[in-house]
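Participant: Input file: model30.cif. Contents: mmCIF, C-alpha atoms and all ligand atoms.
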```cif
data_final
loop_
_atom_site.label_atom_id
_atom_site.label_comp_id
_atom_site.auth_asym_id
_atom_site.auth_seq_id
_atom_site.Cartn_x
_atom_site.Cartn_y
_atom_site.Cartn_z
CA MET A 1 0.00 0.00 0.00
CA ASP A 2 1.59 3.27 -1.03
CA LYS A 3 0.55 6.16 1.10
CA PRO A 4 0.35 9.59 -0.49
CA ASP A 5 3.23 11.82 0.49
CA PRO A 6 1.62 14.91 2.07
CA THR A 7 4.65 17.04 1.44
CA ARG A 8 4.49 16.52 -2.27
CA GLN A 9 0.85 16.70 -3.19
CA THR A 10 -2.13 18.87 -2.49
CA LYS A 11 -5.11 17.27 -0.85
CA THR A 12 -7.24 17.37 -3.98
CA ARG A 13 -4.60 15.88 -6.19
CA THR A 14 -3.99 13.04 -3.80
CA LYS A 15 -7.66 12.27 -3.73
CA LYS A 16 -7.94 12.32 -7.48
CA GLU A 17 -4.89 10.19 -8.06
CA SER A 18 -5.74 7.50 -5.55
CA LEU A 19 -9.28 7.44 -6.85
CA SER A 20 -8.30 6.99 -10.44
CA ARG A 21 -5.92 4.22 -9.51
CA GLU A 22 -8.72 2.54 -7.65
CA GLU A 23 -11.04 3.06 -10.56
CA ARG A 24 -8.49 1.78 -12.99
CA GLN A 25 -8.15 -1.33 -10.87
CA LYS A 26 -11.89 -1.76 -10.78
CA GLN A 27 -12.02 -1.32 -14.50
CA LEU A 28 -9.35 -3.89 -15.09
CA GLU A 29 -11.03 -6.37 -12.80
CA PHE A 30 -14.36 -5.65 -14.45
CA GLN A 31 -12.91 -6.33 -17.84
CA ASN A 32 -11.31 -9.58 -16.71
CA GLU A 33 -14.31 -10.81 -14.76
CA ALA A 34 -17.31 -9.36 -16.56
CA VAL A 35 -16.55 -8.10 -20.05
CA VAL A 36 -15.13 -11.50 -21.02
CA HIS A 37 -18.71 -12.82 -20.94
CA LEU A 38 -19.95 -10.31 -23.48
CA ASN A 39 -20.57 -12.88 -26.21
CA ALA A 40 -22.46 -15.23 -23.91
CA LEU A 41 -24.57 -12.36 -22.63
CA TYR A 42 -25.33 -11.13 -26.11
CA ASN A 43 -26.46 -14.60 -27.14
CA TYR A 44 -28.65 -14.94 -24.09
CA ALA A 45 -30.20 -11.55 -24.83
CA LEU A 46 -30.71 -12.55 -28.43
CA HIS A 47 -32.53 -15.70 -27.37
CA LEU A 48 -34.71 -13.77 -24.96
CA THR A 49 -35.64 -10.90 -27.24
CA MET A 50 -35.25 -12.56 -30.64
CA ASN A 51 -34.27 -9.16 -31.87
CA PRO A 52 -30.67 -7.98 -32.33
CA SER A 53 -31.22 -4.33 -31.47
CA ASP A 54 -33.19 -5.16 -28.33
CA ALA A 55 -30.45 -7.59 -27.43
CA GLU A 56 -27.80 -4.91 -27.76
CA ASP A 57 -29.77 -2.52 -25.57
CA LEU A 58 -30.25 -5.19 -22.98
CA VAL A 59 -26.56 -6.04 -22.88
CA GLN A 60 -25.62 -2.38 -22.59
CA GLU A 61 -27.99 -1.83 -19.71
CA THR A 62 -26.71 -4.95 -18.04
CA TYR A 63 -23.09 -3.85 -18.18
CA LEU A 64 -23.94 -0.35 -17.06
CA LYS A 65 -25.72 -1.72 -14.02
CA ALA A 66 -23.10 -4.38 -13.39
CA TYR A 67 -20.31 -1.81 -13.42
CA ARG A 68 -22.18 0.46 -11.09
CA PHE A 69 -22.83 -2.35 -8.64
CA PHE A 70 -19.62 -4.26 -9.21
CA ASN A 71 -18.68 -3.83 -5.56
CA SER A 72 -21.67 -5.94 -4.58
CA PHE A 73 -20.52 -8.81 -6.76
CA GLU A 74 -19.38 -11.54 -4.42
CA ARG A 75 -15.79 -12.24 -5.37
CA GLY A 76 -15.07 -15.88 -6.06
CA THR A 77 -18.60 -16.66 -7.19
CA ASN A 78 -19.57 -17.11 -10.83
CA CYS A 79 -19.53 -13.67 -12.42
CA LYS A 80 -21.23 -14.96 -15.55
CA ALA A 81 -24.19 -16.16 -13.46
CA TRP A 82 -24.32 -12.79 -11.73
CA LEU A 83 -24.44 -10.99 -15.09
CA PHE A 84 -27.08 -13.32 -16.48
CA LYS A 85 -29.26 -12.63 -13.47
CA ILE A 86 -28.95 -8.88 -13.99
CA LEU A 87 -29.75 -9.27 -17.67
CA LYS A 88 -32.77 -11.42 -16.94
CA ASN A 89 -34.09 -8.87 -14.44
CA ASN A 90 -33.56 -6.08 -16.94
CA TYR A 91 -35.41 -8.07 -19.51
CA ILE A 92 -38.35 -8.61 -17.20
CA ASN A 93 -38.46 -4.96 -16.22
CA ARG A 94 -38.31 -3.72 -19.76
CA PHE A 95 -40.52 -6.15 -21.57
CA ARG A 96 -42.75 -7.71 -18.97
CA LYS A 97 -43.57 -5.37 -16.15
CA ASN A 98 -44.66 -2.55 -18.42
CA SER A 99 -46.24 -5.19 -20.60
CA LYS A 100 -44.20 -3.58 -23.32
CA GLU A 101 -43.84 -5.99 -26.15
CA PRO A 102 -40.33 -6.81 -27.22
CA GLY A 103 -39.40 -5.59 -30.66
CA LYS A 104 -40.89 -7.56 -33.47
CA VAL A 105 -39.50 -11.04 -33.40
CA ASP A 106 -37.10 -11.10 -36.25
CA TYR A 107 -37.17 -14.75 -37.30
CA ASP A 108 -35.90 -13.96 -40.77
CA LEU A 109 -32.94 -12.11 -39.44
CA ILE A 110 -32.08 -14.94 -37.10
CA LYS A 111 -32.50 -17.41 -39.91
CA ASP A 112 -30.18 -15.28 -42.00
CA PHE A 113 -27.64 -15.41 -39.22
CA TYR A 114 -27.76 -19.13 -39.41
CA HIS A 115 -27.29 -19.14 -43.12
CA SER A 116 -24.54 -16.57 -43.20
CA ILE A 117 -22.45 -18.04 -40.43
CA LYS A 118 -20.58 -21.16 -41.24
CA ASP A 119 -19.82 -23.22 -38.22
CA THR A 120 -16.13 -22.90 -37.62
CA ARG A 121 -15.96 -25.86 -35.32
CA SER A 122 -14.77 -28.86 -37.21
CA ASP A 123 -17.39 -31.44 -36.61
CA THR A 124 -15.32 -34.59 -36.63
CA SER A 125 -18.21 -36.55 -35.21
CA GLU A 126 -20.31 -35.55 -38.21
CA SER A 127 -19.29 -38.68 -40.03
CA GLU A 128 -20.96 -40.86 -37.44
CA SER A 129 -24.01 -42.53 -38.83
CA ASP A 130 -25.98 -41.09 -36.00
CA TYR A 131 -29.24 -39.38 -36.63
CA PHE A 132 -28.45 -36.57 -34.22
CA HIS A 133 -25.54 -35.52 -36.31
CA SER A 134 -27.61 -35.17 -39.41
CA LEU A 135 -29.64 -32.46 -37.76
CA LEU A 136 -29.08 -28.95 -39.00
CA HIS A 137 -28.31 -26.00 -36.77
CA GLU A 138 -31.54 -24.41 -37.80
CA GLU A 139 -33.57 -27.45 -36.88
CA VAL A 140 -32.09 -27.70 -33.42
CA TYR A 141 -32.68 -24.00 -33.01
CA GLN A 142 -36.28 -24.35 -34.10
CA ALA A 143 -36.84 -27.34 -31.86
CA LEU A 144 -35.50 -25.41 -28.89
CA HIS A 145 -37.65 -22.42 -29.69
CA SER A 146 -40.75 -24.51 -30.08
CA LEU A 147 -40.61 -25.27 -26.36
CA PRO A 148 -42.52 -23.22 -23.80
CA GLU A 149 -40.21 -20.54 -22.47
CA GLU A 150 -39.85 -21.99 -18.98
CA PHE A 151 -38.41 -25.18 -20.48
CA ARG A 152 -36.32 -23.53 -23.15
CA GLU A 153 -34.75 -21.22 -20.64
CA VAL A 154 -33.46 -23.91 -18.29
CA ILE A 155 -32.17 -26.06 -21.13
CA GLN A 156 -30.32 -23.12 -22.54
CA LEU A 157 -28.81 -22.12 -19.22
CA CYS A 158 -27.81 -25.69 -18.45
CA ASP A 159 -26.69 -27.13 -21.78
CA ILE A 160 -25.38 -24.10 -23.62
CA GLU A 161 -24.10 -21.95 -20.79
CA GLY A 162 -23.10 -24.75 -18.44
CA PHE A 163 -24.59 -23.32 -15.26
CA THR A 164 -25.22 -25.57 -12.27
CA TYR A 165 -28.75 -26.25 -11.05
CA GLU A 166 -28.11 -24.02 -8.08
CA GLU A 167 -27.03 -21.13 -10.31
CA ILE A 168 -30.01 -21.63 -12.58
CA ALA A 169 -32.41 -21.82 -9.63
CA ASN A 170 -31.06 -18.50 -8.43
CA MET A 171 -31.41 -16.98 -11.88
CA VAL A 172 -34.96 -18.07 -12.55
CA GLU A 173 -35.93 -17.62 -8.89
CA SER A 174 -37.31 -21.11 -8.45
CA PRO A 175 -36.31 -24.00 -6.21
CA ILE A 176 -33.67 -26.42 -7.48
CA GLY A 177 -36.30 -29.17 -7.63
CA THR A 178 -38.30 -27.07 -10.08
CA VAL A 179 -35.27 -26.53 -12.28
CA ARG A 180 -34.63 -30.23 -12.22
CA SER A 181 -38.15 -31.16 -13.24
CA ARG A 182 -38.32 -28.47 -15.91
CA LEU A 183 -35.15 -29.86 -17.43
CA TYR A 184 -36.56 -33.35 -17.31
CA ARG A 185 -39.83 -32.36 -18.97
CA GLY A 186 -38.28 -29.89 -21.39
CA ARG A 187 -35.79 -32.45 -22.64
CA LYS A 188 -38.56 -34.94 -23.24
CA LEU A 189 -40.36 -32.42 -25.44
CA LEU A 190 -37.15 -31.45 -27.16
CA ARG A 191 -36.28 -35.02 -28.01
CA ALA A 192 -39.68 -35.58 -29.51
CA GLN A 193 -39.09 -32.55 -31.72
CA LEU A 194 -35.63 -33.62 -32.75
CA GLU A 195 -36.80 -37.11 -33.54
CA GLY A 196 -39.44 -35.57 -35.74
CA TYR A 197 -36.73 -33.88 -37.78
CA ALA A 198 -34.64 -37.01 -37.85
CA LYS A 199 -37.51 -38.96 -39.41
CA LYS A 200 -37.32 -36.57 -42.31
CA TYR A 201 -33.89 -37.99 -43.10
CA GLY A 202 -35.21 -41.50 -43.15
CA PHE A 203 -33.94 -42.45 -39.76
CA ASN A 204 -36.37 -44.33 -37.68
CA ASN A 205 -36.19 -45.40 -34.09
CA ASP A 206 -34.38 -48.57 -34.96
CA ASN A 207 -31.43 -46.49 -36.06
CA VAL A 208 -31.39 -44.54 -32.86
CA GLN A 209 -28.60 -45.77 -30.79
CA MET B 1 -34.75 -48.94 -8.31
CA ASN B 2 -37.12 -49.63 -11.19
CA CYS B 3 -37.01 -48.26 -14.74
CA LYS B 4 -39.63 -45.63 -14.05
CA LYS B 5 -37.65 -44.11 -11.23
CA ALA B 6 -34.39 -44.38 -13.15
CA GLY B 7 -36.00 -42.67 -16.14
CA VAL B 8 -36.79 -39.60 -14.07
CA LEU B 9 -33.21 -39.40 -12.86
CA ILE B 10 -31.59 -39.61 -16.28
CA SER B 11 -31.92 -35.91 -17.00
CA ALA B 12 -30.25 -34.81 -13.77
CA SER B 13 -27.64 -37.54 -14.03
CA VAL B 14 -26.29 -36.29 -17.37
CA ASP B 15 -25.79 -32.94 -15.65
CA GLY B 16 -23.98 -34.55 -12.76
CA GLU B 17 -26.64 -33.21 -10.42
CA LEU B 18 -27.76 -36.34 -8.60
CA SER B 19 -27.26 -36.66 -4.89
CA LEU B 20 -24.73 -39.28 -3.87
CA SER B 21 -27.33 -41.81 -2.82
CA GLU B 22 -29.39 -41.24 -5.97
CA GLU B 23 -26.33 -41.65 -8.11
CA ARG B 24 -25.34 -44.88 -6.39
CA GLU B 25 -28.78 -46.39 -6.91
CA PHE B 26 -29.01 -45.05 -10.43
CA LEU B 27 -25.67 -46.50 -11.51
CA LEU B 28 -26.60 -49.80 -9.96
CA HIS B 29 -29.75 -49.87 -12.05
CA LEU B 30 -27.86 -48.93 -15.21
CA SER B 31 -25.45 -51.77 -14.65
CA GLU B 32 -28.28 -54.25 -14.85
CA CYS B 33 -30.67 -52.61 -17.33
CA THR B 34 -29.77 -52.24 -20.99
CA GLU B 35 -32.82 -50.17 -21.84
CA CYS B 36 -32.04 -47.45 -19.34
CA ARG B 37 -28.42 -47.51 -20.38
CA VAL B 38 -29.45 -46.73 -23.96
CA GLU B 39 -31.75 -43.98 -22.69
CA PHE B 40 -28.90 -42.55 -20.68
CA GLU B 41 -26.56 -42.50 -23.67
CA ASP B 42 -29.23 -40.83 -25.78
CA ALA B 43 -29.78 -38.19 -23.12
CA LYS B 44 -26.07 -37.43 -23.09
CA LYS B 45 -26.12 -37.08 -26.85
CA THR B 46 -29.09 -34.76 -26.80
CA LYS B 47 -27.34 -32.50 -24.34
CA MET B 48 -24.27 -32.47 -26.52
CA ILE B 49 -26.22 -31.77 -29.66
CA ILE B 50 -27.78 -28.67 -28.13
CA LYS B 51 -24.38 -27.38 -27.17
CA GLU B 52 -22.88 -28.18 -30.54
CA LYS B 53 -25.62 -27.14 -32.88
CA ILE B 54 -26.82 -23.92 -31.37
CA ILE B 55 -24.63 -21.31 -32.94
CA GLN B 56 -23.14 -18.78 -30.61
CA PHE B 57 -23.02 -15.41 -32.27
CA LYS B 58 -20.23 -12.96 -31.76
CA ALA B 59 -21.36 -9.70 -30.23
CA PRO B 60 -21.33 -6.93 -32.85
CA GLU B 61 -18.19 -4.82 -32.92
CA ALA B 62 -20.16 -1.69 -32.11
CA LEU B 63 -21.50 -3.29 -28.94
CA ILE B 64 -18.04 -4.32 -27.79
CA VAL B 65 -16.75 -0.80 -28.34
CA SER B 66 -19.65 0.74 -26.50
CA ILE B 67 -19.25 -1.59 -23.53
CA MET B 68 -15.60 -0.60 -23.28
CA GLN B 69 -16.55 3.06 -23.53
CA LEU B 70 -19.25 2.58 -20.97
CA THR B 71 -16.77 1.70 -18.29
CA ASN B 72 -14.34 4.39 -19.36
CA PHE B 73 -17.03 7.00 -19.37
CA ASN B 74 -18.20 5.98 -15.95
CA THR B 75 -14.73 6.31 -14.59
CA LYS B 76 -14.41 9.86 -15.83
CA GLU B 77 -17.84 10.82 -14.65
CA HIS B 78 -17.20 9.30 -11.28
CA GLU B 79 -13.84 11.00 -11.06
CA GLU B 80 -15.26 14.38 -11.90
CA SER B 81 -18.22 14.17 -9.59
CA LEU B 82 -15.92 13.29 -6.72
CA LEU B 83 -13.42 15.92 -7.69
CA TYR B 84 -15.91 18.76 -7.56
CA GLU B 85 -17.93 17.74 -4.53
ZN ZN A 301 -34.22 -49.67 -16.52
#
```
Written as structure tokens, that's how I'd like the structure from this file.

Facilitator:
Amino acid sequence: MDKPDPTRQTKTRTKKESLSREERQKQLEFQNEAVVHLNALYNYALHLTMNPSDAEDLVQETYLKAYRFFNSFERGTNCKAWLFKILKNNYINRFRKNSKEPGKVDYDLIKDFYHSIKDTRSDTSESESDYFHSLLHEEVYQALHSLPEEFREVIQLCDIEGFTYEEIANMVESPIGTVRSRLYRGRKLLRAQLEGYAKKYGFNNDNVQ
Amino acid sequence: MNCKKAGVLISASVDGELSLSEEREFLLHLSECTECRVEFEDAKKTKMIIKEKIIQFKAPEALIVSIMQLTNFNTKEHEESLLYE
């Protein structure tokens, strides 16, 4: 800890300099802890709003709030979960409480995204003669979005974002048992959907393995 | 444990979210039931397929820039407000 030297600096300058150092530290920590989750947050917002410009607004608000209240973030806990919770609350406040409808759901735009973006991951498992692997990105996306929101949400938070049941329970403000049963029921529905797509490719249940 | 009970636990088991006693019983059942074992493998695959096939978009450049500015701006504002109080 370096103490300001009173003989060298005026009171105001000392205050300003120590403050900006503190703020710079906070900023650095914020960038390391919080800003690194920007892509995940944007995707979550996109799934919630189904509209890119609403998603951007939501992410901006979230970071603004998160930065302001960064001191209340419990160090050592999952910062991503903390940010997701803030984003979810913002979403509810903006689009639910005031019963303000989210921007028009832009299915076409999202579909375009899917067409324009080539998956960079090399899908080595693609060669497997497994019906799951014949499914297209778009189909999985559609299957997921055909689910009631309460199911879609937990599947997304669990499978895509990798949160624990406890973290999800905290985010959706429901008991862990509820999260668990929503995942169970949601996955059942999802599988039925995916199997529907798979049939299109001539796979039947005998091929499922 | 019977198949019905095991079936309910499959979902939580692929997430590694069973309690110790549940997991012990569940694994015991899997070891002696081919059907549930197949179900379990399918459930693992479904989880993987969601993760693999849902495309994660990159946040737009403009959003990244504005988030960075957001924190910078706040710092300045904060600094100034404290400086002139
Ligand atoms: Zn069984």

Participant: Taking all atoms listed in the file into account, what are the residues of chain B at most 8 Å from chain A, put as a VMD selection string?

Facilitator: chain B and resid 8 11 to 12 17 38 42 45 to 51 53 to 59 63 to 64 66 to 67 70 to 72 75 79 83

Participant: Using C-alpha atoms, can you write the selected residues to a file as a PDB file, in the coordinates of the input?

Facilitator:
```pdb
ATOM      1  CA  VAL B   8     -36.790 -39.600 -14.070  1.00  0.00           C
ATOM      2  CA  SER B  11     -31.920 -35.910 -17.000  1.00  0.00           C
ATOM      3  CA  ALA B  12     -30.250 -34.810 -13.770  1.00  0.00           C
ATOM      4  CA  GLU B  17     -26.640 -33.210 -10.420  1.00  0.00           C
ATOM      5  CA  VAL B  38     -29.450 -46.730 -23.960  1.00  0.00           C
ATOM      6  CA  ASP B  42     -29.230 -40.830 -25.780  1.00  0.00           C
ATOM      7  CA  LYS B  45     -26.120 -37.080 -26.850  1.00  0.00           C
ATOM      8  CA  THR B  46     -29.090 -34.760 -26.800  1.00  0.00           C
ATOM      9  CA  LYS B  47     -27.340 -32.500 -24.340  1.00  0.00           C
ATOM     10  CA  MET B  48     -24.270 -32.470 -26.520  1.00  0.00           C
ATOM     11  CA  ILE B  49     -26.220 -31.770 -29.660  1.00  0.00           C
ATOM     12  CA  ILE B  50     -27.780 -28.670 -28.130  1.00  0.00           C
ATOM     13  CA  LYS B  51     -24.380 -27.380 -27.170  1.00  0.00           C
ATOM     14  CA  LYS B  53     -25.620 -27.140 -32.880  1.00  0.00           C
ATOM     15  CA  ILE B  54     -26.820 -23.920 -31.370  1.00  0.00           C
ATOM     16  CA  ILE B  55     -24.630 -21.310 -32.940  1.00  0.00           C
ATOM     17  CA  GLN B  56     -23.140 -18.780 -30.610  1.00  0.00           C
ATOM     18  CA  PHE B  57     -23.020 -15.410 -32.270  1.00  0.00           C
ATOM     19  CA  LYS B  58     -20.230 -12.960 -31.760  1.00  0.00           C
ATOM     20  CA  ALA B  59     -21.360  -9.700 -30.230  1.00  0.00           C
ATOM     21  CA  LEU B  63     -21.500  -3.290 -28.940  1.00  0.00           C
ATOM     22  CA  ILE B  64     -18.040  -4.320 -27.790  1.00  0.00           C
ATOM     23  CA  SER B  66     -19.650   0.740 -26.500  1.00  0.00           C
ATOM     24  CA  ILE B  67     -19.250  -1.590 -23.530  1.00  0.00           C
ATOM     25  CA  LEU B  70     -19.250   2.580 -20.970  1.00  0.00           C
ATOM     26  CA  THR B  71     -16.770   1.700 -18.290  1.00  0.00           C
ATOM     27  CA  ASN B  72     -14.340   4.390 -19.360  1.00  0.00           C
ATOM     28  CA  THR B  75     -14.730   6.310 -14.590  1.00  0.00           C
ATOM     29  CA  GLU B  79     -13.840  11.000 -11.060  1.00  0.00           C
ATOM     30  CA  LEU B  83     -13.420  15.920  -7.690  1.00  0.00           C
TER      31      LEU B  83
END
```

Participant: Ligand ZN 301 (chain A): which residues are within 6 Å, counting all atoms listed in the file, as an MDAnalysis selection string?

Facilitator: chainID B and resid 3 33 35:36

Participant: Taking all listed atoms of region 51-70 of chain B, build the axis-aligned box, pad each of the six sides by 6 Å, then write its centre and edge lengths in Å to one decimal as JSON.

Facilitator:
```
{"center_x": -21.2, "center_y": -12.6, "center_z": -27.0, "size_x": 23.2, "size_y": 43.2, "size_z": 24.0}
```

Participant: Quick check, in Å to one decimal: how far apart do CA of Ser19 (chain B) and CA of Glu32 (chain B) lie?

Facilitator: 20.2 Å

Participant: What is the CA of Asp54 (chain A)-CA of Glu167 (chain A) distance in Å, reported with one decimal?

Facilitator: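 Rounded to one decimal, the two atoms are 24.9 Å apart.
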
Participant: As number ranges by chain, please: the residues near Thr77 (chain A) (cut-off 12 Å, all atoms listed in the file, same-chain neighbours under 5 positions excluded).

Facilitator: A: 33-34, 72, 82-83, 167

Participant: What's the separation between CA of Pro148 (chain A) and CA of Leu48 (chain A), in Å to one decimal place?

Facilitator: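 CA of Leu48 (chain A) lies 12.3 Å from CA of Pro148 (chain A).
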
Participant: Write out all heavy atoms for region 34-44 of chain A, as a short mmCIF file (atom, residue, chain, number, x, y, z; two decimals), in the frame of the given file.

Facilitator:
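That gives us selection.cif:
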```
data_model
loop_
_atom_site.label_atom_id
_atom_site.label_comp_id
_atom_site.auth_asym_id
_atom_site.auth_seq_id
_atom_site.Cartn_x
_atom_site.Cartn_y
_atom_site.Cartn_z
N ALA A 34 -15.96 -9.56 -16.02
CA ALA A 34 -17.31 -9.36 -16.56
C ALA A 34 -17.35 -9.21 -18.08
O ALA A 34 -18.15 -9.86 -18.75
CB ALA A 34 -17.95 -8.14 -15.90
N VAL A 35 -16.46 -8.38 -18.61
CA VAL A 35 -16.55 -8.10 -20.05
C VAL A 35 -16.22 -9.34 -20.88
O VAL A 35 -16.70 -9.49 -21.99
CB VAL A 35 -15.67 -6.88 -20.43
CG1 VAL A 35 -15.75 -6.59 -21.92
CG2 VAL A 35 -16.11 -5.65 -19.65
N VAL A 36 -15.46 -10.27 -20.29
CA VAL A 36 -15.13 -11.50 -21.02
C VAL A 36 -16.38 -12.33 -21.35
O VAL A 36 -16.34 -13.18 -22.23
CB VAL A 36 -14.13 -12.40 -20.24
CG1 VAL A 36 -12.77 -11.75 -20.17
CG2 VAL A 36 -14.65 -12.71 -18.84
N HIS A 37 -17.48 -12.06 -20.68
CA HIS A 37 -18.71 -12.82 -20.94
C HIS A 37 -19.64 -12.13 -21.92
O HIS A 37 -20.81 -12.50 -22.04
CB HIS A 37 -19.44 -13.10 -19.62
CG HIS A 37 -18.61 -13.87 -18.64
ND1 HIS A 37 -18.13 -15.12 -18.91
CD2 HIS A 37 -18.16 -13.54 -17.40
CE1 HIS A 37 -17.42 -15.55 -17.87
NE2 HIS A 37 -17.41 -14.61 -16.96
N LEU A 38 -19.12 -11.12 -22.58
CA LEU A 38 -19.95 -10.31 -23.48
C LEU A 38 -20.66 -11.16 -24.54
O LEU A 38 -21.87 -10.99 -24.76
CB LEU A 38 -19.08 -9.24 -24.14
CG LEU A 38 -19.74 -8.30 -25.14
CD1 LEU A 38 -20.91 -7.56 -24.52
CD2 LEU A 38 -18.73 -7.28 -25.66
N ASN A 39 -19.94 -12.06 -25.17
CA ASN A 39 -20.57 -12.88 -26.21
C ASN A 39 -21.70 -13.76 -25.66
O ASN A 39 -22.76 -13.85 -26.26
CB ASN A 39 -19.53 -13.76 -26.91
CG ASN A 39 -18.75 -12.99 -27.96
OD1 ASN A 39 -19.24 -12.00 -28.51
ND2 ASN A 39 -17.53 -13.41 -28.21
N ALA A 40 -21.43 -14.38 -24.53
CA ALA A 40 -22.46 -15.23 -23.91
C ALA A 40 -23.69 -14.42 -23.55
O ALA A 40 -24.83 -14.84 -23.77
CB ALA A 40 -21.90 -15.92 -22.67
N LEU A 41 -23.46 -13.23 -23.03
CA LEU A 41 -24.57 -12.36 -22.63
C LEU A 41 -25.37 -11.90 -23.84
O LEU A 41 -26.60 -11.84 -23.80
CB LEU A 41 -24.01 -11.14 -21.89
CG LEU A 41 -24.55 -10.95 -20.49
CD1 LEU A 41 -24.09 -12.05 -19.58
CD2 LEU A 41 -24.14 -9.61 -19.94
N TYR A 42 -24.65 -11.57 -24.89
CA TYR A 42 -25.33 -11.13 -26.11
C TYR A 42 -26.21 -12.26 -26.67
O TYR A 42 -27.34 -12.03 -27.09
CB TYR A 42 -24.30 -10.68 -27.15
CG TYR A 42 -24.90 -10.31 -28.48
CD1 TYR A 42 -25.72 -9.19 -28.61
CD2 TYR A 42 -24.68 -11.09 -29.61
CE1 TYR A 42 -26.30 -8.86 -29.82
CE2 TYR A 42 -25.25 -10.76 -30.83
CZ TYR A 42 -26.05 -9.64 -30.93
OH TYR A 42 -26.63 -9.33 -32.14
N ASN A 43 -25.68 -13.46 -26.64
CA ASN A 43 -26.46 -14.60 -27.14
C ASN A 43 -27.69 -14.86 -26.29
O ASN A 43 -28.77 -15.16 -26.81
CB ASN A 43 -25.58 -15.85 -27.19
CG ASN A 43 -24.77 -15.91 -28.46
OD1 ASN A 43 -25.27 -16.30 -29.50
ND2 ASN A 43 -23.52 -15.48 -28.39
N TYR A 44 -27.52 -14.75 -25.00
CA TYR A 44 -28.65 -14.94 -24.09
C TYR A 44 -29.72 -13.88 -24.38
O TYR A 44 -30.91 -14.19 -24.48
CB TYR A 44 -28.16 -14.85 -22.65
CG TYR A 44 -29.21 -15.11 -21.60
CD1 TYR A 44 -30.06 -16.20 -21.69
CD2 TYR A 44 -29.32 -14.28 -20.49
CE1 TYR A 44 -31.01 -16.46 -20.71
CE2 TYR A 44 -30.26 -14.52 -19.50
CZ TYR A 44 -31.10 -15.62 -19.61
OH TYR A 44 -32.04 -15.85 -18.64
#
```
